[in-house]
Amino acid sequence: MWNDADTSYMRRALQLAALGLYTTTPNPRVGCVIVKENHIIGEGWHRKSGEPHAEPLALADAHNRGFNPRGATMYVSLEPCRHHGRMPPCTQAIIESGVRRVVAACADPNPLAARGGKILQDAGISFELGLLEQDARELNRGFISRMRRNRPWVRSKIAASIDGRIALRDGRSQWITGESARADGHRDRASSCAILTGVGTVVTDDPSLTVRAVETSRQPLRIVLDSQAQTPLHSRLMQDGGDTLIVTAQSRPQNWNSHIHYLHLPAHGKNGHYATNDLNALMSLFAQREINELHVEAGGRLNGALLEAGLLDEMICYLSPRILGQNARAMFETDRALTSLDDFADFSFFRTCNIGDDLRIELRHKKTVEENKCSQVSSPPSARYAH
């Protein structure tokens with residue numbers, strides 16, 4: 001159905017879509033290329049929620065260059081929307097432009113916006129779907145997860161020694177990995193809608209959980225899972241004025257600063273901790289808050305709880321060549337003892353690369369890979385995030 005030229009133009013649309021990696025949330029990342037007589041006459045990409053979508057931007061670009069898009073082919077990384085949201089429907093702009101053919105990489109998972117292709121076909125425009133679909137899904141895996149599973153894509157970032165330890169017995173972990181690995185981790189922070197940690201990590205490390213090593217126009221929401229409302233008032237998350245949400249089973253303490261957001265969630269686990277059902281309910285609440293990608297930077301207890309709940313879609317492990325020994329803290333602390341090797345959490349290696357003196361290993365849960373139909377992409381992290 002598609003030739004090499006079609007593939008090349010769609011790859012360009014995906015490159016444009018990736019320019020919105022740090023900015024488009026909670027919207028999907030979308031790029032668009034318009035081609036006429038084997039030449040690109042217009043390009044566009046969605047930059048930010050509330051601003052024009054990729055398709056009308058590409059059409060405007062074509063006109064600004066002095067080209068008429070009538071009779072052209074449009075390549076877009078996501079099916080054009082058909083609904084009136086913050087912006088008018090892209091299908092109407094395409095129909096009015098006179099474009100004769102639209103090729104989309106991926107269907108829109110948003111039920112309010114989906115089936116834009118049918119609108120175009122009814123208007124006499126040729127519509128084709130599925131070119132480089134897996135690459136498009138990978139780019140918007142968080143948005144797809146929120147729309148189809150009613151929960152974010154959950155990614156845990158772990159810095160560990162080669163023997164799988166993340167901190168000394170007293171909780172100290174700064175720094176197991178090198179500066180290059182720590183800087184690289186900020187790219188995943190920047191692409192996330194929110195960063196989740198546990199109160200234990202706040203007490204021990206006092207992290208800021210901000211994006212610093214890469215340029216970005218927004219900071220993800222910082223979330224602390226704190227069932228007993230024990231987040232220290234002197235912590236950076238409490239004092240620096242950035243957006244922070246604390247999830248707790250307690251009533252809101254009166255001495256919390258006004259910029260601290262509050263989410264009440266009852267805890268049904270042992271010793272006042274959150275149980276599996278609580279964590280599942282929390283993910284639904286995060287979806288309601290339009291969180292597409294949830295980035296976790298936490299200790300073994302919270303990582304273990306998310307693992308036991310089956311909520312980890314992805315793990316990014318930075319492995320240092322250091323050895324901390326068996327008395328140091330493990331990546332995952334769980335209450336469940338395996339009685340069979342068939343009971344283990346089933347992840348697969350997705351991509352590996354060296355970052356300075358450390359090794360970055362990306363893993364995906366096999367069930368998630370099957371559900372979201374994500375495929376491996378060949379570019380290393382530095383190229384994947386390039387603007």
# chains A, B, ... in the order shown; residues from 1 in each chain; ligands from 1
call {"tool": "closest_atom_pairs", "arguments": {"of": "stretch 118-190 of chain A", "to": "stretch 92-105 of chain A", "cutoff": "8 Å", "atoms": "only C-alpha atoms", "output": "Markdown table"}}
result
| residue | atom | partner | partner_atom | distance |
| --- | --- | --- | --- | --- |
| A:Leu120 | CA | A:Ile95 | CA | 6.9 |
| A:Ala123 | CA | A:Ile95 | CA | 7.0 |
| A:Gly124 | CA | A:Arg100 | CA | 7.9 |
| A:Ile125 | CA | A:Arg100 | CA | 5.1 |
| A:Ser126 | CA | A:Arg101 | CA | 4.5 |
| A:Phe127 | CA | A:Val102 | CA | 4.9 |
| A:Glu128 | CA | A:Val103 | CA | 4.7 |
| A:Leu129 | CA | A:Ala104 | CA | 4.9 |
| A:Gly130 | CA | A:Ala105 | CA | 4.7 |
| A:Leu131 | CA | A:Ala105 | CA | 4.7 |
| A:Leu132 | CA | A:Ala105 | CA | 5.5 |
| A:Glu133 | CA | A:Ala105 | CA | 4.7 |
| A:Ala136 | CA | A:Ala105 | CA | 6.2 |
call {"tool": "residues_around", "arguments": {"residues": "stretch 256-269 of chain A", "least_positions_apart": "4", "cutoff": "12 Å", "atoms": "only C-alpha atoms", "output": "count of residues only"}}
result
49
call {"tool": "residues_around", "arguments": {"residues": "A:Ala5", "least_positions_apart": "2", "cutoff": "12 Å", "atoms": "only C-alpha atoms", "output": "tab-separated table (two decimals) with all heavy atoms, in the first residue's frame"}}
result
chain	number	residue	atom	x	y	z
A	1	MET	N	0.83	-1.20	0.00
A	1	MET	CA	0.00	0.00	0.00
A	1	MET	C	0.87	1.26	0.00
A	1	MET	O	0.55	2.24	-0.67
A	1	MET	CB	-0.92	0.02	1.22
A	1	MET	CG	-1.83	1.25	1.31
A	1	MET	SD	-2.77	1.33	2.84
A	1	MET	CE	-3.74	-0.17	2.72
A	2	TRP	N	1.95	1.22	0.79
A	2	TRP	CA	2.79	2.40	0.93
A	2	TRP	C	4.17	2.17	0.33
A	2	TRP	O	4.74	1.08	0.45
A	2	TRP	CB	2.93	2.79	2.40
A	2	TRP	CG	1.62	3.15	3.02
A	2	TRP	CD1	0.81	4.18	2.69
A	2	TRP	CD2	0.96	2.46	4.09
A	2	TRP	NE1	-0.31	4.20	3.47
A	2	TRP	CE2	-0.24	3.15	4.36
A	2	TRP	CE3	1.27	1.34	4.86
A	2	TRP	CZ2	-1.14	2.75	5.34
A	2	TRP	CZ3	0.38	0.94	5.84
A	2	TRP	CH2	-0.80	1.64	6.07
A	3	ASN	N	4.72	3.20	-0.28
A	3	ASN	CA	6.05	3.08	-0.87
A	3	ASN	C	7.09	3.74	0.03
A	3	ASN	O	6.78	4.26	1.11
A	3	ASN	CB	6.07	3.67	-2.28
A	3	ASN	CG	5.62	5.13	-2.31
A	3	ASN	OD1	5.85	5.88	-1.36
A	3	ASN	ND2	5.00	5.54	-3.41
A	7	THR	N	6.80	6.28	3.51
A	7	THR	CA	7.46	5.99	4.78
A	7	THR	C	8.38	7.12	5.21
A	7	THR	O	8.42	7.50	6.38
A	7	THR	CB	8.27	4.68	4.66
A	7	THR	OG1	7.38	3.61	4.30
A	7	THR	CG2	8.94	4.33	5.98
A	8	SER	N	9.10	7.68	4.27
A	8	SER	CA	10.01	8.77	4.57
A	8	SER	C	9.26	10.00	5.08
A	8	SER	O	9.68	10.63	6.06
A	8	SER	CB	10.82	9.14	3.32
A	8	SER	OG	11.66	10.25	3.56
A	9	TYR	N	8.15	10.34	4.45
A	9	TYR	CA	7.38	11.50	4.88
A	9	TYR	C	6.75	11.26	6.26
A	9	TYR	O	6.68	12.18	7.08
A	9	TYR	CB	6.30	11.84	3.85
A	9	TYR	CG	6.86	12.30	2.52
A	9	TYR	CD1	6.37	11.78	1.31
A	9	TYR	CD2	7.87	13.26	2.46
A	9	TYR	CE1	6.88	12.19	0.09
A	9	TYR	CE2	8.38	13.68	1.23
A	9	TYR	CZ	7.88	13.15	0.06
A	9	TYR	OH	8.39	13.56	-1.15
A	10	MET	N	6.31	10.03	6.51
A	10	MET	CA	5.73	9.74	7.82
A	10	MET	C	6.81	9.79	8.91
A	10	MET	O	6.54	10.24	10.03
A	10	MET	CB	5.03	8.39	7.83
A	10	MET	CG	4.30	8.10	9.15
A	10	MET	SD	3.00	9.32	9.54
A	10	MET	CE	1.70	8.74	8.43
A	11	ARG	N	8.01	9.34	8.58
A	11	ARG	CA	9.08	9.45	9.56
A	11	ARG	C	9.35	10.91	9.91
A	11	ARG	O	9.63	11.26	11.06
A	11	ARG	CB	10.36	8.80	9.03
A	11	ARG	CG	10.30	7.29	8.97
A	11	ARG	CD	11.68	6.65	8.89
A	11	ARG	NE	11.58	5.22	8.69
A	11	ARG	CZ	11.30	4.35	9.65
A	11	ARG	NH1	11.08	4.79	10.89
A	11	ARG	NH2	11.23	3.05	9.39
A	12	ARG	N	9.25	11.78	8.91
A	12	ARG	CA	9.41	13.20	9.18
A	12	ARG	C	8.29	13.71	10.09
A	12	ARG	O	8.53	14.50	11.01
A	12	ARG	CB	9.43	13.98	7.87
A	12	ARG	CG	9.50	15.49	8.02
A	12	ARG	CD	10.71	15.93	8.82
A	12	ARG	NE	10.74	17.38	9.02
A	12	ARG	CZ	11.48	17.99	9.93
A	12	ARG	NH1	12.27	17.29	10.74
A	12	ARG	NH2	11.45	19.31	10.05
A	35	VAL	N	2.61	17.11	1.43
A	35	VAL	CA	3.47	16.86	0.27
A	35	VAL	C	2.65	17.07	-1.01
A	35	VAL	O	1.53	16.58	-1.13
A	35	VAL	CB	4.03	15.43	0.30
A	35	VAL	CG1	4.84	15.15	-0.96
A	35	VAL	CG2	4.88	15.22	1.56
A	37	GLU	N	3.42	17.07	-5.31
A	37	GLU	CA	4.36	16.87	-6.42
A	37	GLU	C	5.75	16.51	-5.92
A	37	GLU	O	6.76	17.05	-6.35
A	37	GLU	CB	4.40	18.12	-7.31
A	37	GLU	CG	3.06	18.42	-7.97
A	37	GLU	CD	3.09	19.70	-8.80
A	37	GLU	OE1	4.13	20.41	-8.76
A	37	GLU	OE2	2.08	20.00	-9.47
A	38	ASN	N	5.76	15.59	-4.95
A	38	ASN	CA	6.99	15.03	-4.38
A	38	ASN	C	7.85	16.04	-3.63
A	38	ASN	O	9.05	15.83	-3.45
A	38	ASN	CB	7.83	14.37	-5.49
A	38	ASN	CG	7.09	13.24	-6.18
A	38	ASN	OD1	6.42	12.44	-5.53
A	38	ASN	ND2	7.20	13.19	-7.50
A	39	HIS	N	7.24	17.12	-3.16
A	39	HIS	CA	7.95	18.11	-2.36
A	39	HIS	C	7.13	18.43	-1.10
A	39	HIS	O	5.90	18.54	-1.16
A	39	HIS	CB	8.20	19.40	-3.15
A	39	HIS	CG	9.21	19.26	-4.25
A	39	HIS	ND1	8.85	18.90	-5.53
A	39	HIS	CD2	10.56	19.41	-4.25
A	39	HIS	CE1	9.94	18.83	-6.28
A	39	HIS	NE2	10.99	19.13	-5.53
A	40	ILE	N	7.83	18.61	0.00
A	40	ILE	CA	7.17	19.04	1.23
A	40	ILE	C	6.83	20.52	1.10
A	40	ILE	O	7.72	21.37	0.90
A	40	ILE	CB	8.06	18.80	2.46
A	40	ILE	CG1	8.28	17.29	2.70
A	40	ILE	CG2	7.45	19.44	3.71
A	40	ILE	CD1	9.21	16.97	3.85
A	73	THR	N	-1.06	15.52	-0.46
A	73	THR	CA	-1.16	14.42	0.50
A	73	THR	C	-0.67	14.89	1.85
A	73	THR	O	0.37	15.54	1.95
A	73	THR	CB	-0.32	13.21	0.05
A	73	THR	OG1	-0.86	12.70	-1.17
A	73	THR	CG2	-0.35	12.11	1.10
A	75	TYR	N	0.51	13.74	5.67
A	75	TYR	CA	0.99	12.65	6.53
A	75	TYR	C	0.92	13.16	7.97
A	75	TYR	O	1.54	14.19	8.31
A	75	TYR	CB	2.42	12.26	6.17
A	75	TYR	CG	2.57	11.74	4.76
A	75	TYR	CD1	2.79	12.63	3.69
A	75	TYR	CD2	2.49	10.39	4.48
A	75	TYR	CE1	2.92	12.17	2.39
A	75	TYR	CE2	2.63	9.91	3.17
A	75	TYR	CZ	2.83	10.81	2.14
A	75	TYR	OH	2.97	10.35	0.85
A	131	LEU	N	0.49	3.42	8.81
A	131	LEU	CA	1.88	3.52	8.37
A	131	LEU	C	2.76	3.92	9.55
A	131	LEU	O	2.54	4.95	10.19
A	131	LEU	CB	2.00	4.56	7.25
A	131	LEU	CG	3.40	4.85	6.72
A	131	LEU	CD1	4.06	3.58	6.19
A	131	LEU	CD2	3.36	5.93	5.65
call {"tool": "residues_around", "arguments": {"residues": "stretch 158-160 of chain A", "least_positions_apart": "5", "cutoff": "6 Å", "atoms": "only C-alpha atoms", "output": "JSON, numbers by chain"}}
result
{"A": [165, 166, 317, 318, 319]}
call {"tool": "atom_distance", "arguments": {"atom1": "atom CA of A:Gly325", "atom2": "atom CA of A:Ala167"}}
result
10.2 Å
call {"tool": "select_by_dssp", "arguments": {"residues": "stretch 18-179 of chain A", "states": "helix (DSSP H, G or I)", "output": "PyMOL selection string"}}
result
chain A and resi 18+54-64+90-97+116-122+133-139+141-149+179
call {"tool": "residues_around", "arguments": {"residues": "stretch 346-363 of chain A", "least_positions_apart": "5", "cutoff": "7 Å", "atoms": "only C-alpha atoms", "output": "NGL selection string"}}
result
:A and (177-178 or 180-181 or 314-321 or 376)
call {"tool": "write_last_selection", "arguments": {"atoms": "N, CA, C and O atoms", "output": "tab-separated table (two decimals), in the first residue's frame"}}
result
chain	number	residue	atom	x	y	z
A	177	THR	N	25.19	6.19	41.08
A	177	THR	CA	25.58	6.33	39.67
A	177	THR	C	26.30	7.65	39.45
A	177	THR	O	26.30	8.54	40.31
A	178	GLY	N	26.89	7.79	38.26
A	178	GLY	CA	27.68	8.96	37.95
A	178	GLY	C	26.85	10.15	37.48
A	178	GLY	O	25.64	10.06	37.28
A	180	SER	N	26.75	11.67	34.60
A	180	SER	CA	26.13	11.53	33.28
A	180	SER	C	24.80	10.80	33.37
A	180	SER	O	23.82	11.18	32.71
A	181	ALA	N	24.76	9.73	34.16
A	181	ALA	CA	23.52	8.97	34.33
A	181	ALA	C	22.45	9.82	35.01
A	181	ALA	O	21.27	9.78	34.63
A	314	GLU	N	7.06	0.01	32.82
A	314	GLU	CA	8.42	0.20	32.32
A	314	GLU	C	9.36	0.44	33.49
A	314	GLU	O	8.98	1.05	34.50
A	315	MET	N	10.56	-0.07	33.37
A	315	MET	CA	11.61	0.23	34.34
A	315	MET	C	12.84	0.73	33.58
A	315	MET	O	13.19	0.17	32.55
A	316	ILE	N	13.44	1.77	34.11
A	316	ILE	CA	14.71	2.25	33.58
A	316	ILE	C	15.72	2.13	34.71
A	316	ILE	O	15.62	2.83	35.73
A	317	CYS	N	16.65	1.23	34.55
A	317	CYS	CA	17.65	0.96	35.57
A	317	CYS	C	19.00	1.49	35.12
A	317	CYS	O	19.49	1.14	34.04
A	318	TYR	N	19.59	2.33	35.94
A	318	TYR	CA	20.96	2.77	35.73
A	318	TYR	C	21.84	1.93	36.65
A	318	TYR	O	21.76	2.07	37.88
A	319	LEU	N	22.63	1.05	36.08
A	319	LEU	CA	23.46	0.16	36.86
A	319	LEU	C	24.89	0.68	36.94
A	319	LEU	O	25.54	0.93	35.92
A	320	SER	N	25.34	0.86	38.17
A	320	SER	CA	26.70	1.29	38.43
A	320	SER	C	27.59	0.05	38.60
A	320	SER	O	27.12	-0.99	39.08
A	321	PRO	N	28.86	0.14	38.24
A	321	PRO	CA	29.75	-1.00	38.44
A	321	PRO	C	30.14	-1.23	39.90
A	321	PRO	O	30.92	-2.12	40.20
A	376	GLN	N	10.04	-1.74	19.64
A	376	GLN	CA	11.33	-1.14	19.95
A	376	GLN	C	11.71	-0.15	18.88
A	376	GLN	O	11.48	-0.36	17.70
call {"tool": "closest_residue", "arguments": {"among": "A:Trp153, A:Trp45, A:Tyr22, A:Phe344", "to": "A:Arg364", "atoms": "only C-alpha atoms"}}
result
A:Trp153
call {"tool": "residues_around", "arguments": {"residues": "stretch 142-146 of chain A", "least_positions_apart": "6", "cutoff": "9 Å", "atoms": "only C-alpha atoms", "output": "ChimeraX atom specification"}}
result
/A:25-29,108-110,152-154,192,284,287-288,290-294,372
call {"tool": "residues_around", "arguments": {"residues": "A:Gly42", "least_positions_apart": "4", "cutoff": "8 Å", "atoms": "only C-alpha atoms", "output": "JSON, numbers by chain"}}
result
{"A": [33, 34, 35, 58, 59, 60, 61, 62, 63, 65]}
call {"tool": "write_last_selection", "arguments": {"atoms": "N, CA and C atoms", "output": "compact mmCIF listing (two decimals), in the first residue's frame"}}
result
# COMPACT_ATOMS: atom_id res chain seq x y z
N VAL A 33 3.01 16.53 7.98
CA VAL A 33 3.76 16.93 6.80
C VAL A 33 2.81 16.93 5.60
N ILE A 34 2.84 17.97 4.78
CA ILE A 34 2.02 18.06 3.58
C ILE A 34 2.95 18.01 2.36
N VAL A 35 2.61 17.11 1.43
CA VAL A 35 3.47 16.86 0.27
C VAL A 35 2.65 17.07 -1.01
N ALA A 58 0.38 22.94 9.83
CA ALA A 58 1.02 22.55 8.57
C ALA A 58 0.33 23.22 7.38
N LEU A 59 -0.98 23.32 7.43
CA LEU A 59 -1.71 23.99 6.35
C LEU A 59 -1.33 25.48 6.30
N ALA A 60 -1.24 26.11 7.47
CA ALA A 60 -0.84 27.52 7.52
C ALA A 60 0.59 27.70 7.01
N ASP A 61 1.45 26.73 7.34
CA ASP A 61 2.83 26.80 6.87
C ASP A 61 2.90 26.72 5.36
N ALA A 62 2.07 25.86 4.78
CA ALA A 62 2.05 25.75 3.31
C ALA A 62 1.63 27.07 2.67
N HIS A 63 0.59 27.69 3.21
CA HIS A 63 0.14 28.97 2.66
C HIS A 63 1.21 30.05 2.84
N ARG A 65 4.31 29.65 2.84
CA ARG A 65 5.39 29.41 1.86
C ARG A 65 4.96 29.72 0.43
call {"tool": "select_by_dssp", "arguments": {"residues": "stretch 133-170 of chain A", "states": "strand (DSSP E)", "output": "list of chain:residue names"}}
result
A:Trp153, A:Val154, A:Arg155, A:Ser156, A:Lys157, A:Ile158, A:Ala159, A:Ala160, A:Ser161, A:Arg165, A:Ile166, A:Ala167
call {"tool": "closest_residue", "arguments": {"among": "A:Gly164, A:Thr216, A:Glu179, A:Val203", "to": "A:Ile323", "atoms": "only C-alpha atoms"}}
result
A:Gly164
call {"tool": "closest_residue", "arguments": {"among": "A:Cys106, A:Leu168, A:Ile195, A:Ala213", "to": "A:Arg141", "atoms": "only C-alpha atoms"}}
result
A:Cys106
call {"tool": "closest_residue", "arguments": {"among": "A:Thr23, A:Asn303, A:Thr368, A:Gln326", "to": "A:Gly198", "atoms": "only C-alpha atoms"}}
result
A:Asn303
call {"tool": "atom_distance", "arguments": {"atom1": "atom CA of A:Cys193", "atom2": "atom CA of A:Glu79"}}
result
22.6 Å
call {"tool": "closest_residue", "arguments": {"among": "A:Gly185, A:Pro80, A:Gly31, A:Gly117", "to": "A:Arg155", "atoms": "only C-alpha atoms"}}
result
A:Gly185
call {"tool": "atom_distance", "arguments": {"atom1": "atom CA of A:Gly304", "atom2": "atom CA of A:Val214"}}
result
29.1 Å
call {"tool": "decode", "arguments": {"residues": "stretch 347-358 of chain A", "atoms": "all heavy atoms", "output": "PDB file, in the first residue's frame"}}
result
ATOM      1  N   PHE A 347       9.235  -9.253  32.782  1.00  0.00           N
ATOM      2  CA  PHE A 347       9.670  -8.104  31.992  1.00  0.00           C
ATOM      3  C   PHE A 347      10.588  -8.583  30.871  1.00  0.00           C
ATOM      4  O   PHE A 347      11.141  -9.680  30.924  1.00  0.00           O
ATOM      5  CB  PHE A 347      10.417  -7.090  32.864  1.00  0.00           C
ATOM      6  CG  PHE A 347       9.528  -6.294  33.768  1.00  0.00           C
ATOM      7  CD1 PHE A 347       9.057  -6.833  34.957  1.00  0.00           C
ATOM      8  CD2 PHE A 347       9.154  -5.000  33.442  1.00  0.00           C
ATOM      9  CE1 PHE A 347       8.231  -6.100  35.800  1.00  0.00           C
ATOM     10  CE2 PHE A 347       8.328  -4.257  34.276  1.00  0.00           C
ATOM     11  CZ  PHE A 347       7.867  -4.812  35.456  1.00  0.00           C
ATOM     12  N   SER A 348      10.748  -7.745  29.871  1.00  0.00           N
ATOM     13  CA  SER A 348      11.673  -8.061  28.789  1.00  0.00           C
ATOM     14  C   SER A 348      12.591  -6.871  28.562  1.00  0.00           C
ATOM     15  O   SER A 348      12.221  -5.714  28.819  1.00  0.00           O
ATOM     16  CB  SER A 348      10.914  -8.391  27.499  1.00  0.00           C
ATOM     17  OG  SER A 348      10.102  -7.301  27.094  1.00  0.00           O
ATOM     18  N   PHE A 349      13.810  -7.139  28.112  1.00  0.00           N
ATOM     19  CA  PHE A 349      14.738  -6.069  27.789  1.00  0.00           C
ATOM     20  C   PHE A 349      14.239  -5.330  26.554  1.00  0.00           C
ATOM     21  O   PHE A 349      13.870  -5.931  25.551  1.00  0.00           O
ATOM     22  CB  PHE A 349      16.142  -6.629  27.536  1.00  0.00           C
ATOM     23  CG  PHE A 349      16.815  -7.146  28.776  1.00  0.00           C
ATOM     24  CD1 PHE A 349      16.986  -8.503  28.977  1.00  0.00           C
ATOM     25  CD2 PHE A 349      17.272  -6.270  29.743  1.00  0.00           C
ATOM     26  CE1 PHE A 349      17.601  -8.981  30.120  1.00  0.00           C
ATOM     27  CE2 PHE A 349      17.891  -6.735  30.891  1.00  0.00           C
ATOM     28  CZ  PHE A 349      18.058  -8.095  31.079  1.00  0.00           C
ATOM     29  N   PHE A 350      14.249  -4.024  26.644  1.00  0.00           N
ATOM     30  CA  PHE A 350      13.743  -3.193  25.555  1.00  0.00           C
ATOM     31  C   PHE A 350      14.869  -2.474  24.827  1.00  0.00           C
ATOM     32  O   PHE A 350      14.907  -2.399  23.607  1.00  0.00           O
ATOM     33  CB  PHE A 350      12.757  -2.172  26.121  1.00  0.00           C
ATOM     34  CG  PHE A 350      12.094  -1.303  25.090  1.00  0.00           C
ATOM     35  CD1 PHE A 350      11.166  -1.820  24.205  1.00  0.00           C
ATOM     36  CD2 PHE A 350      12.405   0.047  25.003  1.00  0.00           C
ATOM     37  CE1 PHE A 350      10.556  -1.002  23.258  1.00  0.00           C
ATOM     38  CE2 PHE A 350      11.805   0.861  24.069  1.00  0.00           C
ATOM     39  CZ  PHE A 350      10.873   0.339  23.193  1.00  0.00           C
ATOM     40  N   ARG A 351      15.834  -1.950  25.613  1.00  0.00           N
ATOM     41  CA  ARG A 351      16.928  -1.199  25.016  1.00  0.00           C
ATOM     42  C   ARG A 351      18.003  -1.020  26.081  1.00  0.00           C
ATOM     43  O   ARG A 351      17.706  -0.863  27.260  1.00  0.00           O
ATOM     44  CB  ARG A 351      16.419   0.159  24.535  1.00  0.00           C
ATOM     45  CG  ARG A 351      17.435   1.065  23.911  1.00  0.00           C
ATOM     46  CD  ARG A 351      16.745   2.243  23.229  1.00  0.00           C
ATOM     47  NE  ARG A 351      15.613   2.737  23.994  1.00  0.00           N
ATOM     48  CZ  ARG A 351      14.554   3.335  23.441  1.00  0.00           C
ATOM     49  NH1 ARG A 351      14.474   3.471  22.143  1.00  0.00           N
ATOM     50  NH2 ARG A 351      13.575   3.788  24.199  1.00  0.00           N
ATOM     51  N   THR A 352      19.240  -1.040  25.677  1.00  0.00           N
ATOM     52  CA  THR A 352      20.348  -0.800  26.596  1.00  0.00           C
ATOM     53  C   THR A 352      21.361   0.124  25.943  1.00  0.00           C
ATOM     54  O   THR A 352      21.511   0.137  24.711  1.00  0.00           O
ATOM     55  CB  THR A 352      21.064  -2.107  27.009  1.00  0.00           C
ATOM     56  OG1 THR A 352      21.630  -2.710  25.843  1.00  0.00           O
ATOM     57  CG2 THR A 352      20.095  -3.073  27.672  1.00  0.00           C
ATOM     58  N   CYS A 353      22.059   0.901  26.753  1.00  0.00           N
ATOM     59  CA  CYS A 353      23.139   1.733  26.249  1.00  0.00           C
ATOM     60  C   CYS A 353      24.008   2.160  27.427  1.00  0.00           C
ATOM     61  O   CYS A 353      23.583   2.129  28.586  1.00  0.00           O
ATOM     62  CB  CYS A 353      22.620   2.953  25.491  1.00  0.00           C
ATOM     63  SG  CYS A 353      21.684   4.114  26.503  1.00  0.00           S
ATOM     64  N   ASN A 354      25.219   2.553  27.132  1.00  0.00           N
ATOM     65  CA  ASN A 354      26.130   3.063  28.154  1.00  0.00           C
ATOM     66  C   ASN A 354      25.918   4.554  28.336  1.00  0.00           C
ATOM     67  O   ASN A 354      25.803   5.302  27.366  1.00  0.00           O
ATOM     68  CB  ASN A 354      27.577   2.782  27.774  1.00  0.00           C
ATOM     69  CG  ASN A 354      27.926   1.307  27.826  1.00  0.00           C
ATOM     70  OD1 ASN A 354      27.955   0.620  26.812  1.00  0.00           O
ATOM     71  ND2 ASN A 354      28.175   0.806  29.020  1.00  0.00           N
ATOM     72  N   ILE A 355      25.857   4.986  29.584  1.00  0.00           N
ATOM     73  CA  ILE A 355      25.773   6.401  29.921  1.00  0.00           C
ATOM     74  C   ILE A 355      26.933   6.689  30.864  1.00  0.00           C
ATOM     75  O   ILE A 355      26.890   6.338  32.049  1.00  0.00           O
ATOM     76  CB  ILE A 355      24.439   6.764  30.595  1.00  0.00           C
ATOM     77  CG1 ILE A 355      23.255   6.367  29.723  1.00  0.00           C
ATOM     78  CG2 ILE A 355      24.406   8.253  30.929  1.00  0.00           C
ATOM     79  CD1 ILE A 355      23.096   7.187  28.472  1.00  0.00           C
ATOM     80  N   GLY A 356      27.988   7.293  30.352  1.00  0.00           N
ATOM     81  CA  GLY A 356      29.174   7.492  31.164  1.00  0.00           C
ATOM     82  C   GLY A 356      29.738   6.148  31.595  1.00  0.00           C
ATOM     83  O   GLY A 356      29.930   5.240  30.778  1.00  0.00           O
ATOM     84  N   ASP A 357      29.985   5.995  32.892  1.00  0.00           N
ATOM     85  CA  ASP A 357      30.512   4.737  33.429  1.00  0.00           C
ATOM     86  C   ASP A 357      29.415   3.751  33.798  1.00  0.00           C
ATOM     87  O   ASP A 357      29.700   2.657  34.287  1.00  0.00           O
ATOM     88  CB  ASP A 357      31.368   5.017  34.675  1.00  0.00           C
ATOM     89  CG  ASP A 357      32.631   5.798  34.349  1.00  0.00           C
ATOM     90  OD1 ASP A 357      33.142   5.634  33.220  1.00  0.00           O
ATOM     91  OD2 ASP A 357      33.086   6.575  35.206  1.00  0.00           O
ATOM     92  N   ASP A 358      28.167   4.135  33.591  1.00  0.00           N
ATOM     93  CA  ASP A 358      27.035   3.312  34.007  1.00  0.00           C
ATOM     94  C   ASP A 358      26.324   2.712  32.801  1.00  0.00           C
ATOM     95  O   ASP A 358      26.554   3.118  31.657  1.00  0.00           O
ATOM     96  CB  ASP A 358      26.057   4.145  34.836  1.00  0.00           C
ATOM     97  CG  ASP A 358      26.729   4.786  36.042  1.00  0.00           C
ATOM     98  OD1 ASP A 358      27.356   4.045  36.814  1.00  0.00           O
ATOM     99  OD2 ASP A 358      26.637   6.026  36.189  1.00  0.00           O
TER     100      ASP A 358
END
